[in-house]
Amino acid sequence: MGFTDKHLLGIEPLSPAAISEILDLAESYVDLNRRPNKHSDVLAGLTQINMFFENSTRTQASFELAGKRLGADVMNMAMQASSIKKGETLIDTALTLNAMHPDLLVVRHPQSGAVDLLAQKVNCSVLNAGDGRHEHPTQALLDALTIRRAKGRLHRLSIAICGDIAHSRVARSNIILLDKMENRIRLIGPPTLMPSGIAEFGCEVYEDMQQGLQDVDVVMMLRLQRERMDGGFIPSEREYYHRYGLDADKLQAAKEDAIVMHPGPMNRGVEIDGDIADDINRSVIQDQVEMGVAVRMAAMDLLARNGQASAAEGMS
Ligand code: ASP
């Protein structure tokens, strides 16, 4: 069974076949996006509303571009300035928007679970663009596409996810996806930044970068999510960089052809050395951004098809 769901709320409910279907379709959008004329009309006539309750630069831009390239009418709601500030609940905002008949809602929210809740209240498809520390499905999918293209496969790879795992929805969605595709996952970071119950995910956990990075194919770095920390999780940024920042020295432990990833925004000199981030022989950070647009186009294309299929079923 491929991807037949009405919403894309997380990686958790997806089968490996559904993940592959999204990635395969995204490949065709990578090609389209490299042409001078990047326009398609698969979402023509449909309305996409982006609701970002948390700051975002790249993700919002990526979704906006994805929708526009597919011919949708795209509207960005300035949620910071919205009625939520005047006391309206999330559900009331959702119901108001629902009455305007959107076809796709792209939602980012600081609270885990808020996007699922919203999806239960509206008629259209909902796409989770990141909810608290819960999930960020399109990030994991774009990371998967980047890995698949760089390594030629998406299984039986040794992948290290490093840094602030505890507060990261990117780490969570990636762990779920990479595990479904049968990879070996290593988590590296200080114990204060490891989520409790991590053993359940079947990952190997390391406190030491050199040990954890030994012979891995992929090194995925994460930002320190300061906005989700409510205390002293690390001694100092300097000390953190010394122990966990990815530099040429630490990277030597990984395979010679290991790739370096980062979801952005990146803090150079905190979790990653600027030279490594810019090294075109190792870093695929710009590819991740490119894959992001293609994966979001694929996800929205499939959601629109699924929505139309279920509407047709409802009529018959
Ligand atoms: N952009 C990613 C997210 O929204 C990663 C990060 O913010 O560090 O979760």
# chains A, B, ... in the order shown; residues from 1 in each chain; ligands from 1
$ residues_near_ligand --ligand "ligand 1" --cutoff "8 Å" --atoms "only C-alpha atoms and all ligand atoms" --output "count of residues only"
19
$ residues_around --residues "A:Met194" --least-positions-apart "2" --cutoff "9 Å" --atoms "only C-alpha atoms" --output "number ranges by chain"
A: 163-167, 187-192, 196-198, 205
$ write_last_selection --atoms "C-alpha atoms" --output "PDB file, in the first residue's frame"
ATOM      1  CA  GLY A 163      23.534  16.877  19.421  1.00  0.00           C
ATOM      2  CA  ASP A 164      20.267  18.029  20.931  1.00  0.00           C
ATOM      3  CA  ILE A 165      18.166  14.919  20.323  1.00  0.00           C
ATOM      4  CA  ALA A 166      15.869  15.541  23.280  1.00  0.00           C
ATOM      5  CA  HIS A 167      14.276  18.727  21.946  1.00  0.00           C
ATOM      6  CA  LEU A 187      22.565   8.888  18.625  1.00  0.00           C
ATOM      7  CA  ILE A 188      25.457  10.982  19.920  1.00  0.00           C
ATOM      8  CA  GLY A 189      25.197  13.726  22.521  1.00  0.00           C
ATOM      9  CA  PRO A 190      25.463  14.588  26.186  1.00  0.00           C
ATOM     10  CA  PRO A 191      23.096  12.590  28.458  1.00  0.00           C
ATOM     11  CA  THR A 192      21.237  15.827  29.303  1.00  0.00           C
ATOM     12  CA  SER A 196      14.324   9.400  28.231  1.00  0.00           C
ATOM     13  CA  GLY A 197      13.240   5.967  27.001  1.00  0.00           C
ATOM     14  CA  ILE A 198      15.451   6.238  23.937  1.00  0.00           C
ATOM     15  CA  VAL A 205      23.601   5.754  22.154  1.00  0.00           C
TER      16      VAL A 205
END
$ residues_around --residues "A:Asn123" --least-positions-apart "5" --cutoff "12 Å" --atoms "only C-alpha atoms" --output "PyMOL selection string"
chain A and resi 6-7+94-105+118+307+310-311
$ residues_around --residues "A:Ile147" --least-positions-apart "2" --cutoff "12 Å" --atoms "only C-alpha atoms" --output "PyMOL selection string"
chain A and resi 23+140-145+149-159+174+178+181+183+217-220+258-261+283-285+287-288+291
$ atom_distance --atom1 "atom CA of A:Arg34" --atom2 "atom CA of A:Thr146"
15.7 Å
$ closest_residue --among "A:Ile11, A:Pro137, A:Gly132, A:Val42" --to "A:Gly292" --atoms "only C-alpha atoms"
A:Pro137
$ residues_around --residues "A:Tyr29" --least-positions-apart "3" --cutoff "7 Å" --atoms "only C-alpha atoms" --output "PyMOL selection string"
chain A and resi 25-26+32-33+294+297
$ atom_distance --atom1 "atom CA of A:Ala171" --atom2 "atom CA of A:Glu135"
8.5 Å
$ residues_around --residues "A:Gln48" --least-positions-apart "6" --cutoff "10 Å" --atoms "only C-alpha atoms" --output "ChimeraX atom specification"
/A:63-64,67-68,72-76,101-106,124-126,300
$ select_by_dssp --residues "stretch 191-291 of chain A" --states "strand (DSSP E)" --output "PyMOL selection string"
chain A and resi 204-206+218-221+259-261
$ atom_distance --atom1 "atom CA of A:Arg243" --atom2 "atom CA of A:Met209"
7.3 Å
